[in-house]
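Chemist: This one is model-v6.cif, mmCIF, C-alpha atoms.
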data_query
loop_
_atom_site.label_atom_id
_atom_site.label_comp_id
_atom_site.auth_asym_id
_atom_site.auth_seq_id
_atom_site.Cartn_x
_atom_site.Cartn_y
_atom_site.Cartn_z
CA MET C 2 127.25 56.92 122.20
CA THR C 3 126.09 53.68 120.61
CA PHE C 4 123.94 53.11 117.55
CA LEU C 5 121.03 52.09 119.82
CA ASN C 6 121.31 55.45 121.62
CA LEU C 7 120.98 57.26 118.31
CA VAL C 8 117.79 55.38 117.41
CA ARG C 9 116.29 55.30 120.91
CA ALA C 10 113.19 57.24 119.80
CA LEU C 11 112.08 53.99 118.14
CA PHE C 12 111.61 52.48 121.62
CA PRO C 13 109.08 54.65 123.50
CA TYR C 14 109.14 54.73 127.30
CA TRP C 15 106.40 57.29 128.17
CA SER C 16 107.60 58.96 131.37
CA PHE C 17 106.98 62.68 131.51
CA PHE C 18 107.54 65.21 134.28
CA ASP C 19 108.66 62.59 136.77
CA GLN C 20 112.16 63.85 137.64
CA THR C 21 111.45 66.18 140.53
CA ALA C 22 114.78 66.06 142.36
CA TYR C 23 117.10 68.54 140.66
CA THR C 24 117.11 71.06 137.90
CA PHE C 25 120.27 72.47 136.39
CA LYS C 26 121.33 76.07 136.07
CA VAL C 27 124.18 77.34 133.93
CA PHE C 28 126.29 80.38 134.81
CA THR C 29 129.05 82.00 132.83
CA LYS C 30 131.52 84.83 133.23
CA ALA C 31 133.37 86.78 130.59
CA PRO C 32 135.96 88.01 131.35
CA ILE C 33 136.79 85.36 133.91
CA GLU C 34 137.54 88.01 136.57
CA SER C 35 133.92 89.20 136.46
CA ASP C 36 130.89 87.89 138.38
CA TRP C 37 128.89 84.85 137.37
CA MET C 38 125.80 85.60 135.30
CA PRO C 39 123.01 83.16 134.46
CA VAL C 40 122.67 81.62 131.00
CA LEU C 41 118.92 81.54 130.53
CA PHE C 42 117.00 78.99 128.48
CA GLU C 43 113.70 80.79 128.34
CA THR C 44 111.54 83.02 126.20
CA GLU C 45 108.29 84.94 126.56
CA SER C 46 104.94 83.39 125.71
CA LYS C 47 104.55 85.71 122.71
CA ASN C 48 107.21 83.50 121.03
CA ASN C 49 105.16 80.37 121.78
CA SER C 50 103.20 79.29 118.71
CA ILE C 51 100.89 76.30 118.44
CA LEU C 52 101.64 75.66 114.75
CA CYS C 53 105.30 76.43 114.33
CA ASN C 54 107.42 76.89 117.42
CA PRO C 55 111.08 77.14 116.41
CA THR C 56 112.23 79.45 119.22
CA VAL C 57 110.75 77.37 122.03
CA ASN C 58 111.67 73.96 120.58
CA GLY C 59 115.18 75.18 119.77
CA LEU C 60 115.61 76.33 123.38
CA MET C 61 114.31 73.01 124.69
CA ALA C 62 116.85 71.16 122.55
CA GLU C 63 119.59 73.36 124.00
CA PHE C 64 118.41 72.78 127.55
CA ASN C 65 118.44 69.03 126.85
CA VAL C 66 122.15 69.45 126.18
CA VAL C 67 122.57 70.94 129.67
CA GLU C 68 120.72 68.00 131.25
CA HIS C 69 122.68 65.43 129.26
CA PHE C 70 125.95 67.14 130.13
CA ALA C 71 125.02 67.11 133.83
CA LYS C 72 124.24 63.40 133.54
CA ASP C 73 127.57 62.75 131.78
CA VAL C 74 129.47 64.64 134.52
CA GLN C 75 127.71 62.64 137.23
CA GLU C 76 128.61 59.40 135.41
CA ILE C 77 132.26 60.40 135.16
CA LEU C 78 132.45 61.46 138.82
CA LYS C 79 130.82 58.19 139.90
CA ASN C 80 133.50 56.18 138.11
CA SER C 81 136.41 58.43 139.05
CA SER C 82 138.60 58.72 142.12
CA THR C 83 139.07 62.48 141.69
CA LYS C 84 136.54 65.18 142.48
CA THR C 85 136.83 66.94 139.13
CA ALA C 86 135.54 65.54 135.88
CA ASP C 87 137.61 65.61 132.69
CA CYS C 88 134.87 66.49 130.24
CA GLN C 89 136.61 68.19 127.35
CA HIS C 90 136.19 65.13 125.11
CA LEU C 91 132.43 64.89 125.66
CA THR C 92 130.05 65.81 122.85
CA THR C 93 127.75 67.43 125.40
CA PHE C 94 130.65 69.60 126.63
CA LYS C 95 131.39 70.78 123.08
CA LEU C 96 127.73 71.50 122.44
CA LEU C 97 127.33 73.39 125.71
CA CYS C 98 130.47 75.45 125.09
CA SER C 99 129.11 76.38 121.65
CA ILE C 100 125.73 77.34 123.12
CA ILE C 101 127.43 79.65 125.62
CA ARG C 102 129.69 81.09 122.90
CA THR C 103 126.61 82.07 120.87
CA ARG C 104 125.20 83.82 123.96
CA LEU C 105 128.45 85.73 124.46
CA GLU C 106 128.78 86.94 120.89
CA SER C 107 128.38 90.58 121.83
CA PHE C 108 131.05 90.32 124.54
CA PRO C 109 134.51 91.61 123.54
CA HIS C 110 136.47 89.35 125.92
CA LYS C 111 138.58 86.49 124.62
CA THR C 112 137.97 84.00 127.39
CA PHE C 113 135.04 82.73 129.39
CA GLN C 114 134.24 80.22 132.04
CA PHE C 115 131.05 78.40 132.93
CA LYS C 116 129.62 76.36 135.74
CA ILE C 117 126.63 74.09 136.28
CA LEU C 118 124.64 74.04 139.49
CA ALA C 119 122.21 71.27 140.45
CA VAL C 120 119.38 73.02 142.28
CA SER C 121 116.63 71.45 144.35
CA ALA C 122 114.11 72.91 146.79
CA HIS C 123 116.48 72.07 149.64
CA ASP C 124 120.02 72.56 148.39
CA THR C 125 122.31 73.69 145.59
CA VAL C 126 125.30 71.63 144.45
CA GLU C 127 128.10 72.91 142.23
CA LEU C 128 128.35 70.11 139.71
CA PHE C 129 130.98 71.38 137.32
CA VAL C 130 133.20 74.43 136.86
CA SER C 131 135.06 74.72 133.58
CA GLU C 132 138.61 75.84 133.00
CA PRO C 133 138.93 79.24 131.31
CA LEU C 134 137.93 78.65 127.69
CA ASN C 135 138.60 80.41 124.45
CA ARG C 136 135.57 82.38 123.28
CA ALA C 137 136.46 81.97 119.63
CA THR C 138 135.50 78.57 118.21
CA PRO C 139 138.59 76.34 118.35
CA MET J 6 92.46 49.99 99.03
CA SER J 7 89.57 51.59 100.91
CA ILE J 8 90.41 53.04 104.28
CA GLN J 9 87.95 53.88 107.05
CA ASN J 10 87.37 57.58 107.73
CA GLU J 11 88.94 57.53 111.21
CA LEU J 12 92.12 56.01 109.80
CA LEU J 13 92.19 58.46 106.92
CA LEU J 14 92.00 61.22 109.54
CA THR J 15 94.90 59.63 111.44
CA THR J 16 97.06 59.57 108.32
CA ARG J 17 96.12 63.16 107.42
CA PHE J 18 96.81 64.50 110.91
CA LEU J 19 100.07 62.54 111.01
CA SER J 20 101.11 64.10 107.70
CA PHE J 21 100.04 67.56 108.88
CA SER J 22 101.93 67.12 112.13
CA MET J 23 105.07 66.05 110.25
CA LEU J 24 104.69 69.02 107.91
CA LEU J 25 104.71 71.36 110.92
CA GLN J 26 107.69 69.53 112.43
CA ALA J 27 109.67 69.83 109.19
CA PHE J 28 108.82 73.51 108.69
CA GLU J 29 109.86 74.20 112.27
CA MET J 30 113.09 72.26 111.82
CA PHE J 31 113.92 74.14 108.64
CA GLN J 32 113.50 77.43 110.48
CA ILE J 33 115.65 76.25 113.39
CA ALA J 34 118.38 74.94 111.09
CA SER J 35 118.44 78.21 109.14
CA LYS J 36 119.50 80.26 112.17
CA ARG J 37 123.15 81.23 112.27
CA SER J 38 123.54 80.09 115.87
CA PHE J 39 122.32 76.61 114.87
CA SER J 40 125.34 76.04 112.62
CA GLN J 41 127.61 77.12 115.47
CA VAL J 42 126.07 74.77 118.04
CA TRP J 43 124.78 71.74 116.13
CA SER J 44 127.71 71.54 113.73
CA PHE J 45 129.11 68.24 112.48
CA GLU J 46 132.40 69.10 114.24
CA ASN J 47 130.64 69.14 117.61
CA LEU J 48 128.73 65.92 116.97
CA GLN J 49 131.21 63.86 115.01
CA ASN J 50 132.49 61.82 118.00
CA ASP J 51 129.02 60.36 118.48
CA PHE J 52 128.48 59.61 114.81
CA THR J 53 131.88 58.05 114.19
CA LYS J 54 131.49 55.80 117.27
CA ALA J 55 127.97 54.66 116.39
CA ILE J 56 127.88 54.53 112.60
CA PRO J 57 130.54 52.56 110.69
CA LEU J 58 130.99 54.94 107.76
CA PRO J 59 133.98 57.07 106.68
CA ILE J 60 134.05 60.49 108.33
CA SER J 61 133.83 62.29 104.97
CA ILE J 62 130.52 60.55 104.22
CA LEU J 63 129.19 61.18 107.72
CA ASN J 64 130.14 64.84 107.31
CA LYS J 65 128.01 65.05 104.17
CA ILE J 66 125.07 63.12 105.67
CA PHE J 67 124.95 65.15 108.89
CA SER J 68 125.86 68.60 107.63
CA VAL J 69 123.51 71.49 108.38
CA ARG J 70 122.69 71.77 104.69
CA ALA J 71 121.71 68.10 104.59
CA LEU J 72 119.36 68.68 107.54
CA GLN J 73 117.78 71.61 105.71
CA PHE J 74 117.42 69.46 102.59
CA ILE J 75 115.79 66.63 104.58
CA SER J 76 113.43 69.13 106.22
CA ILE J 77 112.32 70.45 102.83
CA THR J 78 111.95 66.88 101.55
CA GLN J 79 109.83 65.99 104.58
CA MET J 80 107.64 69.03 103.96
CA GLY J 81 107.04 67.90 100.36
CA LEU J 82 106.37 64.28 101.39
CA ALA J 83 104.01 65.37 104.17
CA ILE J 84 101.98 67.62 101.86
CA TYR J 85 101.74 64.84 99.28
CA ALA J 86 100.83 62.27 101.95
CA THR J 87 98.07 64.55 103.28
CA LEU J 88 96.47 64.69 99.84
CA PHE J 89 97.34 61.25 98.46
CA PRO J 90 98.20 58.89 101.33
CA HIS J 91 100.29 55.87 100.33
CA TRP J 92 102.48 53.51 102.36
CA ILE J 93 105.59 54.43 100.36
CA LEU J 94 105.22 58.07 101.42
CA PHE J 95 104.96 57.02 105.08
CA ALA J 96 107.99 54.77 104.72
CA LEU J 97 109.92 57.76 103.38
CA LEU J 98 108.59 59.98 106.21
CA PHE J 99 109.77 57.30 108.65
CA ILE J 100 113.29 57.67 107.21
CA THR J 101 113.30 61.50 107.31
CA HIS J 102 112.06 61.45 110.93
CA LEU J 103 114.66 58.88 111.95
CA TYR J 104 117.35 61.00 110.28
CA THR J 105 116.26 64.07 112.27
CA CYS J 106 116.28 62.17 115.57
CA VAL J 107 119.74 60.71 114.87
CA ARG J 108 120.98 64.20 113.89
CA PHE J 109 120.05 65.35 117.43
CA ARG J 110 121.79 62.45 119.17
CA GLY J 111 118.69 60.30 119.46
CA THR J 112 115.77 62.65 119.82
CA PHE J 113 114.93 66.29 119.15
CA ASN J 114 111.68 66.65 121.09
CA GLY J 115 111.50 63.55 123.34
CA GLY J 116 108.04 62.04 123.65
CA SER J 117 106.61 63.69 120.55
CA ASP J 118 109.35 62.06 118.44
CA MET J 119 108.48 58.69 119.96
CA MET J 120 104.75 59.11 119.35
CA THR J 121 105.49 60.18 115.77
CA PHE J 122 107.27 56.85 115.26
CA VAL J 123 104.37 54.97 116.88
CA VAL J 124 101.79 56.60 114.59
CA LEU J 125 104.05 56.20 111.54
CA THR J 126 104.51 52.49 112.31
CA GLY J 127 100.78 52.07 112.87
CA VAL J 128 99.95 53.88 109.64
CA LEU J 129 102.44 51.73 107.73
CA ILE J 130 100.71 48.62 109.11
CA ILE J 131 97.29 50.11 108.26
CA TRP J 132 98.22 50.85 104.63
CA GLY J 133 100.49 47.90 104.02
CA TRP J 134 98.93 45.07 105.96
CA ASP J 135 95.91 45.31 108.30
CA GLN J 136 93.79 48.31 109.35
CA VAL J 137 92.68 46.78 112.64
CA ILE J 138 96.14 45.68 113.78
CA GLY J 139 97.68 49.03 112.80
CA SER J 140 95.06 51.04 114.66
CA ILE J 141 95.22 48.80 117.74
CA TYR J 142 99.00 49.22 117.78
CA ILE J 143 98.56 53.01 117.89
CA MET J 144 95.75 52.81 120.46
CA ILE J 145 97.71 50.60 122.86
CA HIS J 146 100.63 53.04 122.82
CA LEU J 147 98.28 56.01 123.16
CA ILE J 148 96.45 54.67 126.22
CA TYR J 149 99.63 53.29 127.75
CA SER J 150 101.40 56.64 127.25
CA TYR J 151 98.92 58.31 129.62
CA PHE J 152 98.87 55.42 132.08
CA LYS J 153 102.67 55.05 132.26
CA ALA J 154 103.13 58.81 132.69
CA GLY J 155 100.57 58.73 135.52
CA ALA J 156 102.17 55.68 137.17
CA ALA J 157 105.62 57.32 137.02
CA LYS J 158 104.19 60.41 138.76
CA ALA J 159 102.12 58.46 141.28
CA VAL J 160 105.22 57.03 142.98
CA ARG J 161 106.61 60.54 143.60
CA LYS J 162 105.29 62.23 146.70
CA GLU J 163 105.76 65.69 145.11
CA TRP J 164 102.79 64.97 142.82
CA TRP J 165 100.58 64.29 145.85
CA ASN J 166 101.77 67.06 148.19
CA GLY J 167 101.49 69.82 145.57
CA HIS J 168 105.22 70.54 145.12
CA ALA J 169 105.60 69.04 141.64
CA MET J 170 103.58 71.52 139.59
CA PRO J 171 105.55 74.63 140.71
CA ILE J 172 108.84 72.72 140.29
CA PHE J 173 108.08 71.91 136.63
CA LEU J 174 106.55 75.30 135.84
CA LYS J 175 109.73 76.98 137.08
CA ARG J 176 111.75 74.80 134.68
CA SER J 177 109.63 75.78 131.68
CA VAL J 178 111.33 77.66 128.84
CA ILE J 179 108.22 79.88 128.73
CA SER J 180 109.15 82.54 131.26
CA ASN J 181 105.53 83.59 131.86
CA SER J 182 104.88 80.16 133.39
CA HIS J 183 107.21 81.02 136.26
CA SER J 184 104.71 83.53 137.66
CA LEU J 185 102.06 80.77 137.79
CA ALA J 186 104.62 78.62 139.64
CA HIS J 187 105.09 81.36 142.26
CA TRP J 188 101.32 81.80 142.56
CA LEU J 189 100.86 78.06 143.10
CA GLU J 190 103.54 78.08 145.79
CA LYS J 191 101.44 80.62 147.65
CA HIS J 192 98.28 78.54 147.10
CA PRO J 193 99.34 74.98 147.96
CA ALA J 194 95.77 73.65 148.02
CA VAL J 195 95.31 74.60 144.35
CA SER J 196 98.71 73.14 143.51
CA ARG J 197 97.84 69.89 145.31
CA LEU J 198 94.52 69.73 143.46
CA LEU J 199 96.25 70.20 140.09
CA GLY J 200 98.81 67.52 140.94
CA TRP J 201 96.14 65.02 142.01
CA THR J 202 94.01 65.85 138.96
CA THR J 203 96.93 65.23 136.60
CA VAL J 204 97.89 61.88 138.14
CA ILE J 205 94.30 60.63 138.38
CA PHE J 206 93.48 61.77 134.84
CA GLU J 207 96.49 59.88 133.45
CA LEU J 208 95.83 56.74 135.50
CA LEU J 209 92.19 56.68 134.38
CA SER J 210 93.19 56.04 130.76
CA ILE J 211 93.00 52.24 131.06
CA PRO J 212 89.71 52.07 133.04
CA MET J 213 88.21 54.42 130.43
CA LEU J 214 88.60 51.68 127.81
CA PHE J 215 85.93 49.72 129.68
CA LYS J 216 83.54 52.71 129.83
CA GLN J 217 83.16 53.77 126.23
CA GLN J 218 80.39 56.26 127.07
CA TYR J 219 82.99 58.38 128.91
CA LEU J 220 85.72 58.00 126.34
CA PHE J 221 84.82 61.07 124.31
CA ALA J 222 84.81 63.17 127.49
CA TYR J 223 88.22 61.70 128.31
CA PHE J 224 89.47 62.64 124.84
CA ALA J 225 88.14 66.22 125.27
CA ILE J 226 89.89 66.54 128.65
CA ALA J 227 93.06 65.06 127.12
CA MET J 228 93.05 67.70 124.41
CA MET J 229 92.58 70.47 127.01
CA PHE J 230 95.42 68.92 128.99
CA HIS J 231 97.71 68.97 125.92
CA PHE J 232 96.69 72.56 125.21
CA PHE J 233 97.57 73.57 128.79
CA VAL J 234 100.92 71.78 128.45
CA TYR J 235 101.51 73.66 125.19
CA LEU J 236 100.67 77.03 126.82
CA MET J 237 102.82 76.42 129.90
CA PHE J 238 105.71 74.44 128.41
CA GLY J 239 105.60 75.15 124.68
CA LEU J 240 105.07 71.49 123.77
CA ASN J 241 103.06 72.13 120.59
CA ARG J 242 104.32 68.99 118.83
CA PHE J 243 102.83 66.76 121.53
CA MET J 244 99.36 68.18 120.95
CA TRP J 245 99.31 67.53 117.21
CA ILE J 246 100.74 64.04 117.20
CA TRP J 247 98.61 62.85 120.14
CA PHE J 248 95.57 64.23 118.33
CA ALA J 249 96.50 62.15 115.26
CA ALA J 250 96.88 59.05 117.46
CA TRP J 251 93.42 59.56 119.02
CA GLN J 252 91.74 59.25 115.61
CA ALA J 253 93.09 55.70 115.25
CA ALA J 254 91.84 54.88 118.75
CA TRP J 255 88.22 55.60 117.76
CA PHE J 256 88.51 52.94 115.07
CA ALA J 257 90.39 50.42 117.19
CA ILE J 258 88.42 50.40 120.44
CA PRO J 259 85.29 48.50 119.21
CA TYR J 260 87.53 45.77 117.73
CA LEU J 261 89.53 45.50 120.94
CA LYS J 262 86.33 45.30 122.98
CA SER J 263 84.87 42.53 120.82
CA TRP J 264 88.13 40.58 120.94
CA LEU J 265 88.41 40.87 124.67
CA LYS J 266 84.61 40.49 125.12
CA PHE J 267 84.05 43.41 127.50
#
For this file, write the structure as structure tokens.
Modeler:
Amino acid sequence: MTFLNLVRALFPYWSFFDQTAYTFKVFTKAPIESDWMPVLFETESKNNSILCNPTVNGLMAEFNVVEHFAKDVQEILKNSSTKTADCQHLTTFKLLCSIIRTRLESFPHKTFQFKILAVSAHDTVELFVSEPLNRATP
Amino acid sequence: MSIQNELLLTTRFLSFSMLLQAFEMFQIASKRSFSQVWSFENLQNDFTKAIPLPISILNKIFSVRALQFISITQMGLAIYATLFPHWILFALLFITHLYTCVRFRGTFNGGSDMMTFVVLTGVLIIWGWDQVIGSIYIMIHLIYSYFKAGAAKAVRKEWWNGHAMPIFLKRSVISNSHSLAHWLEKHPAVSRLLGWTTVIFELLSIPMLFKQQYLFAYFAIAMMFHFFVYLMFGLNRFMWIWFAAWQAAWFAIPYLKSWLKF
């Protein structure tokens, strides 16, 4: 992350709704022996307010993390000879882990795992599967 | 300094829009889960790499409490700027908005953050230097924002064959939009029509400059378009800040036309 990245909103580029290829879906399991369940980034329209929209805009910011993490993973895989990405050092990885931890707060299990799928109309690609992770914040 | 009514409206809607943004941010930052996700610990790698300050200072600047404080400050500045607009207030709002964007690794709400900077910059030029140049700066970005978005869509076949609209509706964080996506999949002709309408509407923004008699109709359709986007995708911030930008356009267009002699 460079300083220019942090201030990139100063340089508008006006492209909206043009990325049609893939969307990303997050799945988690806790305990890790259980089945994958989706981590949803959605809410009902009754929480959508024209004046003050904290629930919806907060969720969009979280989903941005998923998209940025997917982009980071793709970058790492492109520049790597292995098929697995070492992502633990990434800010997006830390943010995504924390998002999933908040969703698993009511779960009693100590570990969890998550994966990201890239989904298009034609195929589904498993982009990243995490190691078992500690549910408590490190 | 006397300011034309359209530009006064721009500054007031900008201030109102930034008041809403700050109030929303304060509510988001007050949730317990926010401190767990958007903590300084999670973000510090980015900040320490990009900003040459000691980590203890960065920790203070980018703590959750600091974000709450900045949000409250922005609320106060925005209320004051709505009632008593002055360039110093907009310069301070520029700083609070930049802080919020940096706090979220560059941008919190994408395009609406960018348009907020455009209108802020334009308003600073209007109050500090030249009303015409400031309003033309906003207008050029406003018109180009529609045209560029249309051009980016026009090169994707999904926007012409009707696939794009259901794809994006299914990605919406508003779950009720997903049922419209499924309905459109079963009615491809309607989906195609919506896709074509969107692209053509956006691409028409530049030709509309030459047909001022249609410009108000274009503005009305644009506002309906933003309202639909808000309903389906929850993008409320876009609607308010684009509305503020449109007020400057009303002032700027006659000047642009006389300069360019069309």
Chemist: Which is closer to chain J than all the others in C:Glu76, C:Asp87, C:Asp36, C:Glu106, using all atoms listed in the file?
Modeler: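 When distances to chain J are compared using all atoms listed in the file, the smallest one comes from C:Glu106.
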Chemist: Hey, what's within 12 Å of Tyr14 of chain C if we count only C-alpha atoms and toss same-chain stuff fewer than 6 positions away? As a VMD selection string, please?
Modeler: chain J and resid 115 to 120 123 146 to 147 149 to 154 157
Chemist: Pick out the residues sitting within 9 Å of segment 8-11 of chain J, and hand them over as a ChimeraX atom specification; count only C-alpha atoms, and ignore anything fewer than 4 positions along from it in its own chain.
Modeler: /J:15-16,131-132,136,252-256
Chemist: Each residue of chain J lying at most 8 Å from chain C should get a row with its shortest atom-to-atom pair and the distance in Å to one decimal, counting all atoms listed in the file; could you produce that, ordered by chain and increasing number, as CSV?
Modeler:
residue,atom,partner,partner_atom,distance
J:Leu25,CA,C:Cys53,CA,6.1
J:Gln26,CA,C:Cys53,CA,7.5
J:Phe28,CA,C:Cys53,CA,7.3
J:Glu29,CA,C:Pro55,CA,5.2
J:Met30,CA,C:Pro55,CA,7.0
J:Gln32,CA,C:Pro55,CA,6.4
J:Ile33,CA,C:Pro55,CA,5.5
J:Ser38,CA,C:Thr103,CA,6.2
J:Gln41,CA,C:Ser99,CA,6.4
J:Val42,CA,C:Ser99,CA,5.0
J:Trp43,CA,C:Leu96,CA,7.0
J:Asn47,CA,C:Lys95,CA,5.8
J:Leu48,CA,C:Thr92,CA,6.0
J:Asn50,CA,C:Thr92,CA,6.7
J:Asp51,CA,C:Met2,CA,5.4
J:Phe52,CA,C:Met2,CA,8.0
J:Lys54,CA,C:Met2,CA,6.6
J:Ala55,CA,C:Phe4,CA,4.5
J:Ile56,CA,C:Phe4,CA,6.5
J:Leu103,CA,C:Val8,CA,7.2
J:Cys106,CA,C:Ala10,CA,7.2
J:Val107,CA,C:Leu7,CA,5.0
J:Arg110,CA,C:Leu7,CA,5.3
J:Gly111,CA,C:Leu7,CA,4.0
J:Thr112,CA,C:Ala10,CA,6.0
J:Phe113,CA,C:Ala62,CA,6.2
J:Asn114,CA,C:Ala62,CA,7.0
J:Gly115,CA,C:Ala10,CA,7.4
J:Gly116,CA,C:Trp15,CA,6.8
J:Asp118,CA,C:Ala10,CA,6.3
J:Met119,CA,C:Ala10,CA,4.9
J:Met120,CA,C:Pro13,CA,7.5
J:Phe122,CA,C:Leu11,CA,6.3
J:Val123,CA,C:Leu11,CA,7.9
J:Tyr149,CA,C:Trp15,CA,7.9
J:Ser150,CA,C:Trp15,CA,5.1
J:Tyr151,CA,C:Trp15,CA,7.7
J:Lys153,CA,C:Trp15,CA,6.0
J:Ala154,CA,C:Ser16,CA,4.7
J:Ala157,CA,C:Asp19,CA,6.1
J:Lys158,CA,C:Asp19,CA,5.4
J:Arg161,CA,C:Asp19,CA,7.4
J:Glu163,CA,C:Thr21,CA,7.3
J:Ala169,CA,C:Thr21,CA,6.6
J:Ile172,CA,C:Thr21,CA,7.0
J:Phe173,CA,C:Phe18,CA,7.1
J:Arg176,CA,C:Thr24,CA,7.3
J:Ser177,CA,C:Glu43,CA,7.3
J:Val178,CA,C:Glu43,CA,4.0
J:Ile179,CA,C:Thr44,CA,5.2
J:Ser180,CA,C:Glu45,CA,5.3
J:Asn181,CA,C:Glu45,CA,6.1
J:Tyr235,CA,C:Ile51,CA,7.3
J:Leu236,CA,C:Asn49,CA,7.5
J:Gly239,CA,C:Asn49,CA,6.0
J:Leu240,CA,C:Asn58,CA,7.7
J:Asn241,CA,C:Ile51,CA,5.2
Chemist: For the atom pair atom CA of Ile246 of chain J and atom CA of Ala27 of chain J, what is the interatomic distance in Å to one decimal place?
Modeler: 13.3 Å
Chemist: Would you work out the distance separating atom CA of Gly127 of chain J from atom CA of Pro259 of chain J, expressed in Å to one decimal?
Modeler: 17.1 Å
Chemist: If you apply the PyMOL selection byres ((chain J and resi 211) around 9) to this file, what residues do you get, as a list in words?
Modeler: Ile148, Tyr149, Tyr151, Phe152, Glu207, Leu208, Leu209, Ser210, Pro212, Met213, Leu214 and Phe215 of chain J
Chemist: Counting all atoms listed in the file, find the residues whose atoms lie at most 7 Å from (140.9, 82.7, 132.5) (file coordinates) and write them out as JSON, numbers by chain.
Modeler: {"C": [33, 112, 113, 133, 134]}
Chemist: Could you state which residues are captured by the PyMOL selection byres ((chain C and resi 35) around 12) in this file, as an NGL selection string?
Modeler: :C and (28-34 or 36-38 or 110 or 112-115)
Chemist: Between atom CA of Pro59 of chain J and atom CA of Glu46 of chain J, measure the distance and give it in Å to one decimal.
Modeler: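 Separation of atom CA of Pro59 of chain J and atom CA of Glu46 of chain J: 14.3 Å.
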Chemist: Counting all atoms listed in the file, select every polymer residue within 12 Å of (99.5, 74.7, 148.3) as defined in the file's coordinates, and provide the selection as an MDAnalysis selection string.
Modeler: chainID J and resid 163:171 186:200
Chemist: I would like the residues chosen by the PyMOL selection byres ((chain J and resi 67-76) around 7) on the shown file; could you give them as a ChimeraX atom specification?
Modeler: /J:27-28,30-31,34,40,44-45,63-66,77-80,101,108
Chemist: Given only C-alpha atoms as the basis, pick out the residue of C:Arg136, C:Asp73, C:Asn80, C:Pro39 nearest to Lys111 of chain C.
Modeler: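 Result for the nearest residue to Lys111 of chain C: C:Arg136.
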Chemist: Of the candidates J:Val137, J:Leu125, J:Tyr142, J:Thr203, which one gets nearest to Ile226 of chain J if we count all atoms listed in the file?
Modeler: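 Nearest to Ile226 of chain J: J:Thr203.
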Chemist: J:Met23, J:Ala250, J:Val234, J:Met244: which is nearest Thr105 of chain J, counting only C-alpha atoms?
Modeler: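 Under the stated criterion, the closest residue is J:Met23.
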